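Q: Structure file protein30.txt, compact mmCIF, C-alpha atoms, is pasted below:
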# COMPACT_ATOMS: atom_id res chain seq x y z
CA MET A 252 0.00 0.00 0.00
CA SER A 253 1.26 3.47 -0.91
CA THR A 254 2.34 5.78 1.90
CA GLN A 255 2.09 8.85 -0.34
CA PRO A 256 -1.12 10.74 0.47
CA THR A 257 -3.56 11.38 -2.35
CA ALA A 258 -5.47 14.67 -2.50
CA VAL A 259 -9.13 14.07 -3.40
CA LEU A 260 -10.71 17.32 -4.58
CA VAL A 261 -14.50 17.53 -4.31
CA HIS A 262 -16.30 20.34 -6.11
CA GLY A 263 -19.42 22.05 -4.86
CA ALA A 264 -22.72 23.19 -6.34
CA PHE A 265 -23.15 25.11 -9.59
CA ALA A 266 -19.75 23.95 -10.90
CA ASP A 267 -17.70 20.88 -11.73
CA ALA A 268 -14.19 19.62 -11.05
CA SER A 269 -12.65 21.55 -13.96
CA GLY A 270 -12.33 24.55 -11.64
CA PHE A 271 -9.55 22.70 -9.82
CA ALA A 272 -7.34 22.60 -12.95
CA ASP A 273 -4.72 25.13 -11.81
CA VAL A 274 -4.65 23.70 -8.28
CA ILE A 275 -4.10 20.23 -9.75
CA ARG A 276 -1.22 21.52 -11.87
CA ARG A 277 0.47 22.95 -8.80
CA LEU A 278 0.01 19.75 -6.79
CA HIS A 279 1.28 17.65 -9.69
CA ALA A 280 4.36 19.91 -9.83
CA GLN A 281 5.08 18.74 -6.27
CA ASP A 282 4.52 15.08 -7.29
CA ILE A 283 1.30 14.84 -5.30
CA PRO A 284 -1.20 12.27 -6.59
CA VAL A 285 -4.57 13.94 -7.15
CA ARG A 286 -8.11 12.81 -7.93
CA ALA A 287 -11.07 15.08 -8.67
CA PRO A 288 -14.23 12.98 -8.89
CA MET A 289 -17.70 14.13 -9.90
CA ASN A 290 -19.91 15.18 -7.01
CA PRO A 291 -23.46 14.14 -8.01
CA LEU A 292 -25.13 17.10 -6.22
CA ARG A 293 -28.27 15.04 -5.55
CA GLY A 294 -28.35 14.83 -1.75
CA LEU A 295 -25.89 15.13 1.12
CA ALA A 296 -25.97 11.50 2.24
CA SER A 297 -26.02 10.08 -1.28
CA ASP A 298 -23.29 12.44 -2.50
CA ALA A 299 -21.13 11.48 0.49
CA GLU A 300 -21.72 7.82 -0.32
CA ALA A 301 -20.60 8.42 -3.92
CA ILE A 302 -17.39 10.09 -2.75
CA THR A 303 -16.84 7.34 -0.19
CA ARG A 304 -17.16 4.64 -2.84
CA TYR A 305 -14.66 6.49 -5.02
CA ALA A 306 -12.14 7.27 -2.28
CA THR A 307 -12.08 3.74 -0.84
CA THR A 308 -10.51 2.52 -4.10
CA ILE A 309 -7.41 4.65 -3.46
CA ASP A 310 -4.41 2.94 -1.89
CA GLY A 311 -2.81 4.74 1.02
CA PRO A 312 -3.72 7.83 3.01
CA VAL A 313 -6.17 10.41 1.71
CA VAL A 314 -6.57 14.14 2.22
CA LEU A 315 -10.09 15.28 1.34
CA VAL A 316 -10.53 18.78 -0.09
CA GLY A 317 -13.98 20.33 -0.52
CA HIS A 318 -15.16 23.57 -2.05
CA SER A 319 -18.49 25.12 -1.00
CA TYR A 320 -21.15 22.37 -0.71
CA GLY A 321 -18.30 19.92 -1.29
CA GLY A 322 -17.13 20.70 2.24
CA ALA A 323 -20.36 19.32 3.68
CA VAL A 324 -19.88 16.23 1.53
CA ILE A 325 -16.29 15.49 2.61
CA SER A 326 -17.11 15.89 6.30
CA GLN A 327 -20.09 13.55 5.94
CA ALA A 328 -18.03 11.03 3.95
CA ALA A 329 -14.80 11.08 5.95
CA PRO A 330 -15.77 8.72 8.81
CA ALA A 331 -16.50 5.93 6.30
CA ILE A 332 -13.26 6.30 4.31
CA PRO A 333 -10.24 4.38 5.60
CA ASP A 334 -7.12 6.40 6.36
CA VAL A 335 -8.39 9.95 5.86
CA ARG A 336 -5.64 12.04 7.42
CA ALA A 337 -6.84 15.61 6.89
CA LEU A 338 -9.75 17.72 5.65
CA VAL A 339 -9.33 20.97 3.72
CA PHE A 340 -12.25 23.35 3.32
CA LEU A 341 -12.05 25.97 0.56
CA SER A 342 -14.79 28.57 1.24
CA ALA A 343 -16.84 25.55 2.23
CA PHE A 344 -19.56 24.27 4.50
CA ALA A 345 -18.36 22.38 7.56
CA LEU A 346 -21.60 21.24 9.16
CA ASP A 347 -22.24 19.93 12.64
CA GLU A 348 -24.57 16.99 13.19
CA GLY A 349 -28.16 17.99 12.42
CA GLU A 350 -27.13 21.18 10.64
CA THR A 351 -27.90 22.00 7.02
CA CYS A 352 -26.23 24.32 4.55
CA VAL A 353 -29.18 26.66 5.04
CA SER A 354 -29.39 26.55 8.84
CA VAL A 355 -25.68 27.20 9.48
CA MET A 356 -25.97 30.52 7.60
CA GLU A 357 -29.13 31.72 9.35
CA PRO A 358 -27.39 33.72 12.13
CA PHE A 359 -25.51 35.80 9.54
CA PRO A 360 -26.64 38.50 7.09
CA PRO A 361 -27.85 36.76 3.92
CA SER A 362 -25.45 36.44 1.02
CA LEU A 363 -26.28 37.46 -2.54
CA LEU A 364 -26.83 33.78 -3.32
CA ALA A 365 -29.92 33.78 -1.11
CA SER A 366 -31.78 35.98 -3.60
CA ALA A 367 -30.00 34.90 -6.79
CA ASN A 368 -30.85 31.19 -6.85
CA VAL A 369 -33.87 29.97 -8.80
CA PRO A 370 -35.63 26.60 -8.77
CA SER A 371 -36.10 24.60 -11.92
CA PRO A 372 -39.69 24.04 -13.13
CA TYR A 373 -39.18 20.28 -12.90
CA ASP A 374 -38.32 17.76 -10.21
CA ALA A 375 -34.59 17.15 -9.93
CA PRO A 376 -33.62 13.90 -11.67
CA GLY A 377 -32.05 11.44 -9.25
CA ALA A 378 -33.01 13.41 -6.16
CA ALA A 379 -35.57 12.63 -3.50
CA GLY A 380 -38.02 15.07 -5.04
CA GLY A 381 -38.35 18.77 -5.65
CA PRO A 382 -36.49 21.15 -7.95
CA ASP A 383 -32.91 21.73 -8.93
CA LEU A 384 -31.38 25.07 -7.94
CA PHE A 385 -29.48 27.29 -10.37
CA ILE A 386 -27.92 30.72 -9.99
CA LYS A 387 -29.56 33.32 -12.23
CA ILE A 388 -27.29 33.59 -15.25
CA GLU A 389 -27.24 37.40 -15.16
CA GLN A 390 -26.09 37.35 -11.52
CA PHE A 391 -23.74 34.37 -11.66
CA HIS A 392 -20.55 36.39 -12.16
CA GLU A 393 -21.12 38.65 -9.14
CA VAL A 394 -22.46 35.93 -6.86
CA PHE A 395 -20.13 33.05 -7.65
CA CYS A 396 -16.91 34.25 -9.21
CA ALA A 397 -16.56 38.03 -9.01
CA ASP A 398 -12.76 37.89 -9.27
CA LEU A 399 -12.73 35.97 -12.57
CA SER A 400 -12.82 37.58 -16.00
CA ASP A 401 -15.97 37.85 -18.08
CA ASP A 402 -14.46 35.37 -20.54
CA VAL A 403 -14.21 32.75 -17.80
CA ALA A 404 -17.38 33.59 -15.86
CA GLY A 405 -19.65 33.65 -18.90
CA PRO A 406 -19.19 29.99 -19.89
CA MET A 407 -19.35 28.96 -16.22
CA ALA A 408 -22.73 30.68 -15.86
CA VAL A 409 -24.34 28.86 -18.77
CA SER A 410 -22.79 25.47 -18.00
CA GLN A 411 -23.42 25.43 -14.25
CA ARG A 412 -24.28 22.10 -12.63
CA PRO A 413 -27.37 22.51 -10.47
CA LEU A 414 -27.81 21.32 -6.92
CA ALA A 415 -30.92 19.41 -5.88
CA ALA A 416 -32.74 21.76 -3.51
CA ALA A 417 -33.18 18.88 -1.07
CA ALA A 418 -29.39 18.60 -0.71
CA PHE A 419 -29.16 22.16 0.57
CA THR A 420 -31.65 21.45 3.33
CA GLU A 421 -30.56 17.90 4.23
CA PRO A 422 -29.02 17.69 7.71
CA ALA A 423 -25.57 16.24 8.25
CA SER A 424 -25.63 12.91 10.07
CA LYS A 425 -21.86 12.45 10.38
CA VAL A 426 -19.14 14.96 11.28
CA GLY A 427 -15.67 14.06 10.06
CA TRP A 428 -14.01 17.23 11.30
CA ARG A 429 -14.53 16.27 14.94
CA ASP A 430 -11.84 13.60 14.74
CA ILE A 431 -9.74 14.62 11.74
CA PRO A 432 -7.35 17.63 11.58
CA SER A 433 -8.79 20.38 9.40
CA TRP A 434 -7.63 23.37 7.36
CA TYR A 435 -9.87 26.21 6.18
CA LEU A 436 -9.54 28.94 3.54
CA VAL A 437 -11.85 31.90 4.25
CA SER A 438 -12.76 34.03 1.23
CA GLU A 439 -13.14 37.60 2.46
CA HIS A 440 -15.37 38.70 -0.45
CA ASP A 441 -17.53 35.60 -0.73
CA ASN A 442 -21.01 36.40 -2.06
CA ALA A 443 -22.28 32.83 -1.72
CA ILE A 444 -21.37 31.90 1.87
CA PRO A 445 -21.04 34.83 4.30
CA PRO A 446 -17.36 35.22 5.27
CA ASP A 447 -18.35 35.53 8.94
CA CYS A 448 -20.10 32.16 8.65
CA GLU A 449 -16.92 30.69 7.16
CA ARG A 450 -14.90 32.05 10.09
CA PHE A 451 -17.46 30.63 12.53
CA MET A 452 -17.21 27.16 11.01
CA ALA A 453 -13.41 27.29 10.90
CA GLN A 454 -13.14 28.41 14.53
CA ARG A 455 -15.67 25.85 15.70
CA MET A 456 -13.60 22.97 14.38
CA ASN A 457 -10.30 24.54 15.46
CA ALA A 458 -9.07 24.47 11.87
CA VAL A 459 -5.77 25.89 10.70
CA THR A 460 -7.21 28.96 9.00
CA GLU A 461 -6.01 31.30 6.29
CA SER A 462 -7.85 34.17 4.61
CA VAL A 463 -7.73 35.21 0.99
CA ASN A 464 -8.82 38.46 -0.61
CA GLY A 465 -11.12 36.78 -3.08
CA SER A 466 -14.54 35.54 -4.11
CA HIS A 467 -16.32 32.24 -3.53
CA VAL A 468 -13.97 30.69 -6.10
CA ALA A 469 -10.76 32.27 -4.87
CA PHE A 470 -9.18 28.84 -5.37
CA ILE A 471 -9.58 29.42 -9.13
CA ALA A 472 -8.49 33.07 -9.14
CA GLN A 473 -5.60 32.45 -6.73
CA PRO A 474 -4.62 28.79 -7.11
CA ASP A 475 -1.25 29.34 -5.42
CA VAL A 476 -3.02 30.21 -2.16
CA ALA A 477 -5.37 27.22 -2.31
CA ALA A 478 -2.64 24.79 -3.37
CA GLY A 479 -0.38 26.13 -0.63
CA LEU A 480 -2.97 25.37 2.03
CA ILE A 481 -3.55 21.88 0.63
CA LEU A 482 0.20 21.25 0.61
CA LYS A 483 0.38 22.23 4.29
CA ALA A 484 -2.33 19.71 5.10
CA LEU A 485 -0.53 17.06 3.04
CA ALA A 486 2.74 17.80 4.80
CA SER A 487 1.09 17.08 8.14
CA VAL A 488 0.25 13.50 7.13
Would you write out, as structure tokens, the structure that this file holds?
A:
Amino acid sequence: MSTQPTAVLVHGAFADASGFADVIRRLHAQDIPVRAPMNPLRGLASDAEAITRYATTIDGPVVLVGHSYGGAVISQAAPAIPDVRALVFLSAFALDEGETCVSVMEPFPPSLLASANVPSPYDAPGAAGGPDLFIKIEQFHEVFCADLSDDVAGPMAVSQRPLAAAAFTEPASKVGWRDIPSWYLVSEHDNAIPPDCERFMAQRMNAVTESVNGSHVAFIAQPDVAAGLILKALASV
């Protein structure tokens, strides 16, 4: 069995794993094995099960990295994955047991995402029932990726991967961060998750925390910062 840790990068809602491209390049430059599986975005428990099934095929230790909703998924999945050594949250949800992505934000002023998401007129395929959620195309740039260029944000807006609404309101039933060392990147100009909520979650789990002057996808705009934090977590293994 390999002793080299593998970084497993889990994307969040409204996007796919292609956003990790520049982070992956930087990790590969350090000879770090990386995987970036598809997150189904159908429900917290079922998404965590999908990531668990994927990650249990990897030999050796694993460091799980989650962006946005992907943070909720990696924390839910971690207890069922053998040899998870660290969790890294990039502007991500780190839920406690019984919490949802909606409820953890309730004590804080609402983000722009709260008024910019729209339900689909159809039930979400593969979900328990109810609509998919999208970000309004005309607001996507400001809400999701304000520090990216129009040329990058435009295609992201029209190719976004929706989240089943039920996933956003599904409570966490497992909490990986209680037993696994954690790192957290707070995005100071996040318009999707309130930065104060990010700080609250990071402090609650006693995570090694860094801040970045960026948007919800600061890991795309500033991949050196995100990769640097992941490398610190990997170095701790």
Q: Counting only C-alpha atoms, which residues of segment 286-362 of chain A fall within 7 Å of segment 424-433 of chain A, and what is the closest atom pair for each with its distance in Å at one decimal, ordered by chain and rising number, as CSV?
A:
residue,atom,partner,partner_atom,distance
A:Ser326,CA,A:Gly427,CA,4.4
A:Gln327,CA,A:Lys425,CA,4.9
A:Ala329,CA,A:Gly427,CA,5.2
A:Pro330,CA,A:Gly427,CA,5.5
A:Arg336,CA,A:Ile431,CA,6.5
A:Ala337,CA,A:Pro432,CA,5.1
A:Leu338,CA,A:Ser433,CA,4.7
A:Val339,CA,A:Ser433,CA,5.7
A:Asp347,CA,A:Val426,CA,6.0
A:Glu348,CA,A:Ser424,CA,5.2
A:Gly349,CA,A:Ser424,CA,6.1
Q: To one decimal place in Å, what is the distance between atom CA of Ser410 of chain A and atom CA of Asp447 of chain A?
A: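 Atom CA of Asp447 of chain A lies at a distance of 29.1 Å from atom CA of Ser410 of chain A.
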Q: Would you compute the distance between atom CA of Thr254 of chain A and atom CA of Ala477 of chain A? Give it in Å to one decimal.
A: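 These atoms are spaced 23.2 Å apart.
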Q: Please report as a Markdown table every residue of segment 411-475 of chain A lying within 7 Å of segment 290-312 of chain A, along with the nearest atom pair and their distance in Å (one decimal), using all atoms listed in the file.
A:
| residue | atom | partner | partner_atom | distance |
| --- | --- | --- | --- | --- |
| A:Leu414 | CA | A:Leu292 | CA | 5.0 |
| A:Ala415 | CA | A:Arg293 | CA | 5.1 |
| A:Ala417 | CA | A:Gly294 | CA | 6.3 |
| A:Ala418 | CA | A:Gly294 | CA | 4.0 |
| A:Glu421 | CA | A:Leu295 | CA | 6.3 |
Q: Quick one: everything within 9 Å of Val468 of chain A, counting only C-alpha atoms, minus sequence neighbours fewer than 6 positions away in the same chain. Send it as a list in words.
A: Gly270, His318, Ser319, Leu341, Ser342, Phe395, Cys396, Ala397, Asp398, Leu399, Ser438 and Asp441 of chain A
